[in-house]
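Q: One structure coming up, written as structure tokens, with questions to follow.
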Amino acid sequence: MGRMLATIFSEVGKEPTVEEVDPIEPGRNDVVVRIAASGVCASDHHVLLGSLPFPTPLILGHEAAGTVEAIGSGVTRVSPGDRVVASPDPCCAVCWYCAQGQPTLCEALPRISTTPRVRRTDGSIAFGMVGLGTFAEFMTVDEASVVPVETDLPFEQLALIGCGVTTGVGAVLVRARVQAGSSVVVVGCGGVGLSVIQGARIAGAETVVAIDPVEARRKAALGMGATDELDPGKGDAGERIRSLTDGRGADYVFEAVGRPETCVQSIGLARPGGTVVLVGAPAPGDRLEISLWEFFGDAKSVMTTRFGSVDIRRDIPRFVKLAESGLLDLASLVTRTAPLETGEVNAAFMALERGEAVRTVLVPRSPNASDRERGS
Ligand SMILES: NC(=O)c1ccc[n+]([C@@H]2O[C@H](COP(=O)([O-])OP(=O)(O)OC[C@H]3O[C@@H](n4cnc5c(N)ncnc54)[C@H](O)[C@@H]3O)[C@@H](O)[C@H]2O)c1
Ligand SMILES: [Zn+2]
Ligand SMILES: [Zn+2]
């Protein structure tokens, strides 16, 4: 594989740039993927802000789909030409956590996150975010990081299954196991929160309340399965939720913002005995302060989730089927597509910050891709 474009983040406060890099020779268990589409998730933005630290220089991006271009001699799970969804949490299938059925805690992550993947023109090497690095034309990843999918869904939609959709739907169906007929509140309606809302609808929740300060996001939520919406800046959210739940509070509350104050609020919105899933990603210094007295008395379950706590090999194909059947609406989550250019990557982050686009999907244009392939 020859030179390619990749988006490199080097330090907090410095704009990430799309630059030409040379891929490092793939290892025995590596897979080279031609990236067809990559969503811009809030977690990429957290990296820029310094609240999600990774070794640098770093190729940004962790939500993508593409086609297998080449495989190492030890690869058994995919073949060249396969369509794949990349996964931000690998599943090696053999470590202690994978064997326990908790593969989003797979022990391969630290190793693959610190494997050099490309050489820059100044001679320095760069890593791929969580072993991926999807804001690029190609990526070299461990085979534990990709799942083959047989589908004709457009790549721009498939890409979202690589993080936001699987996180949100998995949080509902796998982590919380929401019961039909229940009441669900979702705090934060970005790509992740809107996927939680869709998961709640699929699970048969009766009441699904969307909370977000951005009106367009609340509107999108109503289109994806929310039955009610509320602006957190107006009135008392707790009172409103109790009025919708016979005075008790919600059976399930999902936090999809990632701030301590919205986590505290989410715990408060659940009924006694209810379940709270903190999906939003906090910063390293964040603390959660709640009344232990109330928490004890109300016997609530509070849990976090990484990547929806899914088993990627079981659940990614399952979510693809949900999308094919029309139960999962991926098209409405893709609000913008853009080419892989420095200005566009940064515009996508600005849009995310302002709550404008739900998901910008970067589509690398590789006019010379086939030449590169032949030259490899
Ligand atoms: N657990 C995981 O594995 C995992 C995976 C992916 C993303 N995440 C995290 O999930 C969070 C959401 O990601 P996203 O891509 O949907 O982000 P996003 O920025 O698109 O969405 C966040 C939403 O929260 C809303 N918001 C802001 N303040 C609010 C408030 N006080 N009350 C209610 N809503 C409020 C914003 O208007 C926005 O719509 C991020 O923290 C991200 O890092 C976690
Ligand atoms: Zn993400
Ligand atoms: Zn593992």
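Labels used: A, B, ... for chains in the order of the structure tokens, numbers from 1 for residues in each chain, and numbers from 1 for ligands as shown.
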Taking a cut-off of 12 Å and counting only C-alpha atoms, can you build a table that, for each residue of stretch 15-102 of chain A near stretch 315-323 of chain A, reports the nearest atom pair and how far apart they are in Å (one decimal), sorted by chain then residue number, as JSON lines?
A:
```
{"residue": "A:Ala65", "atom": "CA", "partner": "A:Ile316", "partner_atom": "CA", "distance": 11.6}
{"residue": "A:Arg83", "atom": "CA", "partner": "A:Pro317", "partner_atom": "CA", "distance": 11.6}
{"residue": "A:Val84", "atom": "CA", "partner": "A:Ile316", "partner_atom": "CA", "distance": 10.0}
{"residue": "A:Val85", "atom": "CA", "partner": "A:Ile316", "partner_atom": "CA", "distance": 7.9}
{"residue": "A:Ala86", "atom": "CA", "partner": "A:Ile316", "partner_atom": "CA", "distance": 9.8}
{"residue": "A:Ser87", "atom": "CA", "partner": "A:Ile316", "partner_atom": "CA", "distance": 9.1}
```
Q: DSSP on the backbone: which residues in stretch 100-187 of chain A end up as strand (DSSP E or B)? Give the answer as a PyMOL selection string.
A: chain A and resi 116-120+125-128+136+138-142+146-148+183-187
Q: Write the residues you've just listed into a file as a tab-separated table (two decimals), in the first residue's frame, and include N, CA and C atoms for each of them.
A:
```tsv
chain	number	residue	atom	x	y	z
A	116	PRO	N	2.22	1.24	16.28
A	116	PRO	CA	2.40	2.29	15.27
A	116	PRO	C	1.78	1.85	13.94
A	117	ARG	N	1.05	2.75	13.31
A	117	ARG	CA	0.35	2.38	12.07
A	117	ARG	C	0.82	3.10	10.82
A	118	VAL	N	1.29	4.34	10.99
A	118	VAL	CA	1.77	5.07	9.80
A	118	VAL	C	3.04	5.87	10.14
A	119	ARG	N	3.81	6.18	9.09
A	119	ARG	CA	4.96	7.05	9.24
A	119	ARG	C	4.64	8.36	8.56
A	120	ARG	N	4.91	9.47	9.25
A	120	ARG	CA	4.62	10.79	8.69
A	120	ARG	C	5.81	11.27	7.85
A	125	ILE	N	6.16	8.50	13.88
A	125	ILE	CA	5.14	7.48	13.65
A	125	ILE	C	3.84	7.92	14.34
A	126	ALA	N	2.72	7.39	13.87
A	126	ALA	CA	1.44	7.73	14.49
A	126	ALA	C	0.64	6.47	14.77
A	127	PHE	N	-0.23	6.55	15.78
A	127	PHE	CA	-1.08	5.43	16.20
A	127	PHE	C	-2.49	5.65	15.67
A	128	GLY	N	-3.29	4.62	15.66
A	128	GLY	CA	-4.69	4.76	15.28
A	128	GLY	C	-5.54	4.83	16.55
A	136	ALA	N	-9.31	8.50	7.40
A	136	ALA	CA	-8.19	8.21	6.51
A	136	ALA	C	-8.71	7.44	5.30
A	138	PHE	N	-7.21	4.59	4.14
A	138	PHE	CA	-7.07	3.18	4.51
A	138	PHE	C	-6.72	3.12	5.98
A	139	MET	N	-6.91	1.96	6.59
A	139	MET	CA	-6.38	1.77	7.94
A	139	MET	C	-5.90	0.32	8.07
A	140	THR	N	-4.86	0.16	8.87
A	140	THR	CA	-4.34	-1.18	9.16
A	140	THR	C	-4.72	-1.48	10.60
A	141	VAL	N	-5.50	-2.55	10.79
A	141	VAL	CA	-6.03	-2.85	12.13
A	141	VAL	C	-5.87	-4.33	12.44
A	142	ASP	N	-5.94	-4.67	13.71
A	142	ASP	CA	-5.94	-6.07	14.10
A	142	ASP	C	-7.27	-6.69	13.66
A	146	VAL	N	-12.42	-5.75	13.50
A	146	VAL	CA	-13.39	-5.66	12.40
A	146	VAL	C	-14.38	-6.81	12.42
A	147	VAL	N	-15.59	-6.52	11.96
A	147	VAL	CA	-16.64	-7.53	11.88
A	147	VAL	C	-17.16	-7.54	10.44
A	148	PRO	N	-17.13	-8.70	9.78
A	148	PRO	CA	-17.66	-8.74	8.41
A	148	PRO	C	-19.18	-8.67	8.43
A	183	SER	N	-41.06	2.88	30.85
A	183	SER	CA	-40.83	4.30	30.58
A	183	SER	C	-39.33	4.56	30.53
A	184	VAL	N	-38.91	5.34	29.53
A	184	VAL	CA	-37.49	5.59	29.29
A	184	VAL	C	-37.26	7.08	29.11
A	185	VAL	N	-36.24	7.61	29.78
A	185	VAL	CA	-35.85	9.01	29.58
A	185	VAL	C	-34.45	9.02	28.99
A	186	VAL	N	-34.23	9.87	27.99
A	186	VAL	CA	-32.91	9.97	27.36
A	186	VAL	C	-32.43	11.41	27.49
A	187	VAL	N	-31.32	11.60	28.20
A	187	VAL	CA	-30.76	12.93	28.41
A	187	VAL	C	-29.62	13.13	27.41
```
Q: Name the residues, by chain letter and number, that sit within 8 Å of ligand 1 using only C-alpha atoms and all ligand atoms, and give them as a ChimeraX atom specification.
A: /A:40-46,163-164,167-168,187-194,211-214,217,231-233,256-259,261-262,278-282,304-308,352-355,357-359
Q: Save out the residues we just selected, N, CA and C atoms, as a tab-separated table (two decimals), in the first residue's frame.
A:
```
chain	number	residue	atom	x	y	z
A	40	VAL	N	-18.27	11.20	12.43
A	40	VAL	CA	-17.55	12.01	13.41
A	40	VAL	C	-18.35	11.99	14.71
A	41	CYS	N	-17.80	11.33	15.73
A	41	CYS	CA	-18.47	11.10	17.01
A	41	CYS	C	-17.94	12.10	18.04
A	42	ALA	N	-18.74	12.37	19.07
A	42	ALA	CA	-18.30	13.30	20.11
A	42	ALA	C	-17.01	12.84	20.80
A	43	SER	N	-16.76	11.54	20.80
A	43	SER	CA	-15.53	11.05	21.45
A	43	SER	C	-14.28	11.53	20.70
A	44	ASP	N	-14.37	11.70	19.38
A	44	ASP	CA	-13.24	12.28	18.62
A	44	ASP	C	-13.02	13.71	19.10
A	45	HIS	N	-14.11	14.41	19.34
A	45	HIS	CA	-14.04	15.79	19.80
A	45	HIS	C	-13.40	15.85	21.19
A	46	HIS	N	-13.76	14.86	22.06
A	46	HIS	CA	-13.15	14.80	23.39
A	46	HIS	C	-11.63	14.67	23.30
A	163	CYS	N	-19.97	2.97	15.86
A	163	CYS	CA	-19.89	3.49	17.24
A	163	CYS	C	-21.25	3.95	17.75
A	164	GLY	N	-21.72	5.11	17.30
A	164	GLY	CA	-22.90	5.73	17.91
A	164	GLY	C	-24.12	4.83	18.00
A	167	THR	N	-23.52	1.75	20.27
A	167	THR	CA	-23.47	2.19	21.67
A	167	THR	C	-24.88	2.44	22.20
A	168	GLY	N	-25.68	3.19	21.44
A	168	GLY	CA	-27.01	3.56	21.91
A	168	GLY	C	-27.97	2.38	21.95
A	187	VAL	N	-31.32	11.60	28.20
A	187	VAL	CA	-30.76	12.93	28.41
A	187	VAL	C	-29.62	13.13	27.41
A	188	GLY	N	-29.83	13.99	26.41
A	188	GLY	CA	-28.84	14.21	25.36
A	188	GLY	C	-29.22	13.45	24.10
A	189	CYS	N	-29.52	14.17	23.03
A	189	CYS	CA	-30.03	13.52	21.81
A	189	CYS	C	-29.12	13.79	20.62
A	190	GLY	N	-27.83	13.45	20.75
A	190	GLY	CA	-26.91	13.44	19.61
A	190	GLY	C	-27.02	12.08	18.94
A	191	GLY	N	-25.99	11.72	18.17
A	191	GLY	CA	-26.02	10.43	17.48
A	191	GLY	C	-26.22	9.28	18.44
A	192	VAL	N	-25.63	9.36	19.63
A	192	VAL	CA	-25.75	8.28	20.61
A	192	VAL	C	-27.15	8.28	21.24
A	193	GLY	N	-27.58	9.44	21.75
A	193	GLY	CA	-28.89	9.53	22.40
A	193	GLY	C	-30.03	9.17	21.46
A	194	LEU	N	-29.94	9.59	20.19
A	194	LEU	CA	-31.00	9.26	19.23
A	194	LEU	C	-31.01	7.75	18.96
A	211	ILE	N	-34.69	14.54	26.19
A	211	ILE	CA	-34.29	15.82	26.80
A	211	ILE	C	-33.05	16.35	26.08
A	212	ASP	N	-33.13	17.56	25.55
A	212	ASP	CA	-31.98	18.19	24.90
A	212	ASP	C	-32.27	19.68	24.78
A	213	PRO	N	-31.25	20.54	25.01
A	213	PRO	CA	-31.50	21.98	24.88
A	213	PRO	C	-31.69	22.43	23.43
A	214	VAL	N	-31.22	21.61	22.47
A	214	VAL	CA	-31.30	22.01	21.06
A	214	VAL	C	-32.62	21.52	20.46
A	217	ARG	N	-32.65	18.85	17.77
A	217	ARG	CA	-32.36	17.49	18.27
A	217	ARG	C	-33.63	16.87	18.86
A	231	ASP	N	-37.19	20.58	27.03
A	231	ASP	CA	-36.02	21.45	27.02
A	231	ASP	C	-35.54	21.56	28.47
A	232	PRO	N	-34.29	21.13	28.76
A	232	PRO	CA	-33.83	21.15	30.16
A	232	PRO	C	-33.74	22.56	30.74
A	233	GLY	N	-33.72	23.56	29.86
A	233	GLY	CA	-33.64	24.95	30.34
A	233	GLY	C	-34.99	25.52	30.75
A	256	ALA	N	-26.64	10.57	27.86
A	256	ALA	CA	-25.80	10.52	26.64
A	256	ALA	C	-25.21	11.88	26.34
A	257	VAL	N	-24.74	12.56	27.39
A	257	VAL	CA	-24.08	13.85	27.24
A	257	VAL	C	-22.61	13.70	27.68
A	258	GLY	N	-22.42	13.18	28.90
A	258	GLY	CA	-21.05	12.96	29.40
A	258	GLY	C	-20.59	14.03	30.36
A	259	ARG	N	-21.54	14.64	31.10
A	259	ARG	CA	-21.14	15.64	32.11
A	259	ARG	C	-21.64	15.21	33.48
A	261	GLU	N	-22.99	16.86	35.86
A	261	GLU	CA	-24.30	17.40	36.26
A	261	GLU	C	-25.47	16.68	35.59
A	262	THR	N	-25.28	16.25	34.32
A	262	THR	CA	-26.37	15.52	33.67
A	262	THR	C	-26.45	14.08	34.19
A	278	LEU	N	-25.22	5.33	32.38
A	278	LEU	CA	-24.41	6.49	32.03
A	278	LEU	C	-23.62	6.13	30.78
A	279	VAL	N	-24.08	6.65	29.64
A	279	VAL	CA	-23.48	6.31	28.35
A	279	VAL	C	-22.44	7.36	27.93
A	280	GLY	N	-22.70	8.61	28.26
A	280	GLY	CA	-21.79	9.71	27.91
A	280	GLY	C	-20.42	9.49	28.53
A	281	ALA	N	-19.38	9.93	27.82
A	281	ALA	CA	-18.01	9.71	28.30
A	281	ALA	C	-17.54	10.89	29.14
A	282	PRO	N	-17.10	10.65	30.38
A	282	PRO	CA	-16.61	11.74	31.23
A	282	PRO	C	-15.15	12.08	30.92
A	304	THR	N	-22.51	2.00	33.95
A	304	THR	CA	-21.95	2.64	32.76
A	304	THR	C	-21.93	1.57	31.66
A	305	THR	N	-21.54	1.98	30.48
A	305	THR	CA	-21.40	0.99	29.42
A	305	THR	C	-20.33	1.42	28.46
A	306	ARG	N	-19.54	0.46	28.03
A	306	ARG	CA	-18.61	0.75	26.94
A	306	ARG	C	-19.18	0.12	25.70
A	307	PHE	N	-19.38	0.96	24.67
A	307	PHE	CA	-19.84	0.48	23.37
A	307	PHE	C	-21.09	-0.39	23.50
A	308	GLY	N	-22.01	0.06	24.39
A	308	GLY	CA	-23.28	-0.65	24.53
A	308	GLY	C	-23.17	-2.03	25.15
A	352	LEU	N	-20.64	19.68	15.54
A	352	LEU	CA	-20.92	18.83	16.70
A	352	LEU	C	-21.04	19.70	17.96
A	353	GLU	N	-20.11	20.65	18.08
A	353	GLU	CA	-20.08	21.55	19.23
A	353	GLU	C	-21.37	22.38	19.31
A	354	ARG	N	-21.85	22.80	18.14
A	354	ARG	CA	-23.05	23.65	18.11
A	354	ARG	C	-24.34	22.85	18.06
A	355	GLY	N	-24.24	21.52	18.02
A	355	GLY	CA	-25.44	20.70	17.95
A	355	GLY	C	-26.18	20.84	16.62
A	357	ALA	N	-25.28	19.36	13.12
A	357	ALA	CA	-25.50	18.10	12.40
A	357	ALA	C	-25.54	16.99	13.44
A	358	VAL	N	-26.38	15.98	13.23
A	358	VAL	CA	-26.35	14.85	14.16
A	358	VAL	C	-25.04	14.10	13.92
A	359	ARG	N	-24.84	13.65	12.70
A	359	ARG	CA	-23.57	13.01	12.34
A	359	ARG	C	-23.10	13.53	11.00
```
Q: With ligand 3 as the partner and 7 Å as the cut-off, tabulate the residues of chain A that qualify, each row holding the nearest pair of atoms and their distance in Å to one decimal, using only C-alpha atoms and all ligand atoms, sorted by chain and rising number, as a tab-separated table.
A:
```
residue	atom	partner	partner_atom_place_in_ligand_line	distance
A:Pro90	CA	ligand 3	1 (Zn)	6.9
A:Cys91	CA	ligand 3	1 (Zn)	4.8
A:Cys92	CA	ligand 3	1 (Zn)	3.8
A:Ala93	CA	ligand 3	1 (Zn)	4.9
A:Val94	CA	ligand 3	1 (Zn)	5.4
A:Cys95	CA	ligand 3	1 (Zn)	4.1
A:Trp96	CA	ligand 3	1 (Zn)	6.7
A:Tyr97	CA	ligand 3	1 (Zn)	5.8
A:Cys98	CA	ligand 3	1 (Zn)	4.4
A:Pro103	CA	ligand 3	1 (Zn)	5.8
A:Cys106	CA	ligand 3	1 (Zn)	3.6
A:Glu107	CA	ligand 3	1 (Zn)	5.0
A:Ala108	CA	ligand 3	1 (Zn)	5.6
```
Q: Determine which residues of stretch 101-349 of chain A receive a DSSP assignment of helix (DSSP H, G or I), computed from the backbone, and state them as a ChimeraX atom specification.
A: /A:103-105,109-113,129-131,143-145,155-161,164-176,191-203,215-224,237-244,260-269,292-298,307-309,312-324,331-333,342-349
Q: What is the distance, in Å and to one decimal place, between atom CA of A:Arg365 and atom CA of A:Asp329?
A: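 Between these atoms lies a distance of 25.7 Å.
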Q: Give the answer as one residue: which of A:Leu330, A:Ala347, A:Ala250, A:Met1 has the shortest atom-to-atom distance to A:Lys300, using only C-alpha atoms?
A: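 The answer is A:Ala250, which sits nearest to A:Lys300.
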Q: Would you mind listing what lies within 8 Å of A:Glu206 as a PyMOL selection string, with only C-alpha atoms counted and same-chain residues fewer than 2 positions away left out?
A: chain A and resi 180-183+201+204+208
Q: Which residue is closest to ligand 2? Choose from A:Val149, A:Leu132, A:Ala36, A:Leu58 and count only C-alpha atoms and all ligand atoms.
A: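 For ligand 2, the nearest of the candidates is A:Leu132.
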Q: If you count only C-alpha atoms, which residues fall within 8 Å of A:Ala299, apart from same-chain ones fewer than 5 positions away, as an mmCIF file with C-alpha atoms, in the first residue's frame?
A:
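What follows is the written file around-v9.cif:
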```cif
data_model
loop_
_atom_site.group_PDB
_atom_site.id
_atom_site.type_symbol
_atom_site.label_atom_id
_atom_site.label_comp_id
_atom_site.auth_asym_id
_atom_site.auth_seq_id
_atom_site.Cartn_x
_atom_site.Cartn_y
_atom_site.Cartn_z
ATOM 1 C CA PRO A 272 -36.999 4.011 43.097
ATOM 2 C CA GLY A 273 -35.678 0.638 41.916
ATOM 3 C CA GLY A 274 -35.110 2.051 38.421
#
```
Q: Which residue gives the smallest distance to ligand 2 among A:Leu60, A:Leu49, A:Leu230, A:Ala210, with only C-alpha atoms and all ligand atoms counted?
A: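 Once distances to ligand 2 are computed over only C-alpha atoms and all ligand atoms, the minimum belongs to A:Leu60.
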Q: Report, in Å with one decimal, the straight-line distance from atom CA of A:Pro53 to atom CA of A:Gly285.
A: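 Atom CA of A:Pro53 sits 11.8 Å away from atom CA of A:Gly285.
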Q: Quick one: distance from atom CA of A:Val47 to atom CA of A:Ala64 in Å, one decimal?
A: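 Between atom CA of A:Val47 and atom CA of A:Ala64 the gap is 17.2 Å.
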Q: Pick the closest to A:Thr207 from A:Ser195, A:Thr245, A:Gln179, A:Asn346: which is it, counting only C-alpha atoms?
A: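 Going through A:Ser195, A:Thr245, A:Gln179, A:Asn346 one by one, the smallest distance to A:Thr207 is for A:Thr245.
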Q: List as a PyMOL selection string the protein and nucleic acid residues near stretch 174-176 of chain A, meaning an atom at most 8 Å away when only C-alpha atoms are counted, but skip any in the same chain fewer than 2 places from it.
A: chain A and resi 169-172+178+252+275+277+305+308-310
Q: So which one's closest to ligand 2, A:Thr134, A:Thr114, A:Thr337, A:Ser243? Using only C-alpha atoms and all ligand atoms, please.
A: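 Closest residue, counting only C-alpha atoms and all ligand atoms: A:Thr134.
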Q: Would you mind telling me which residue in A:Glu15, A:Glu289, A:Glu69, A:Asp89 lies nearest to ligand 2 when using only C-alpha atoms and all ligand atoms?
A: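 For ligand 2, the nearest of the candidates is A:Asp89.
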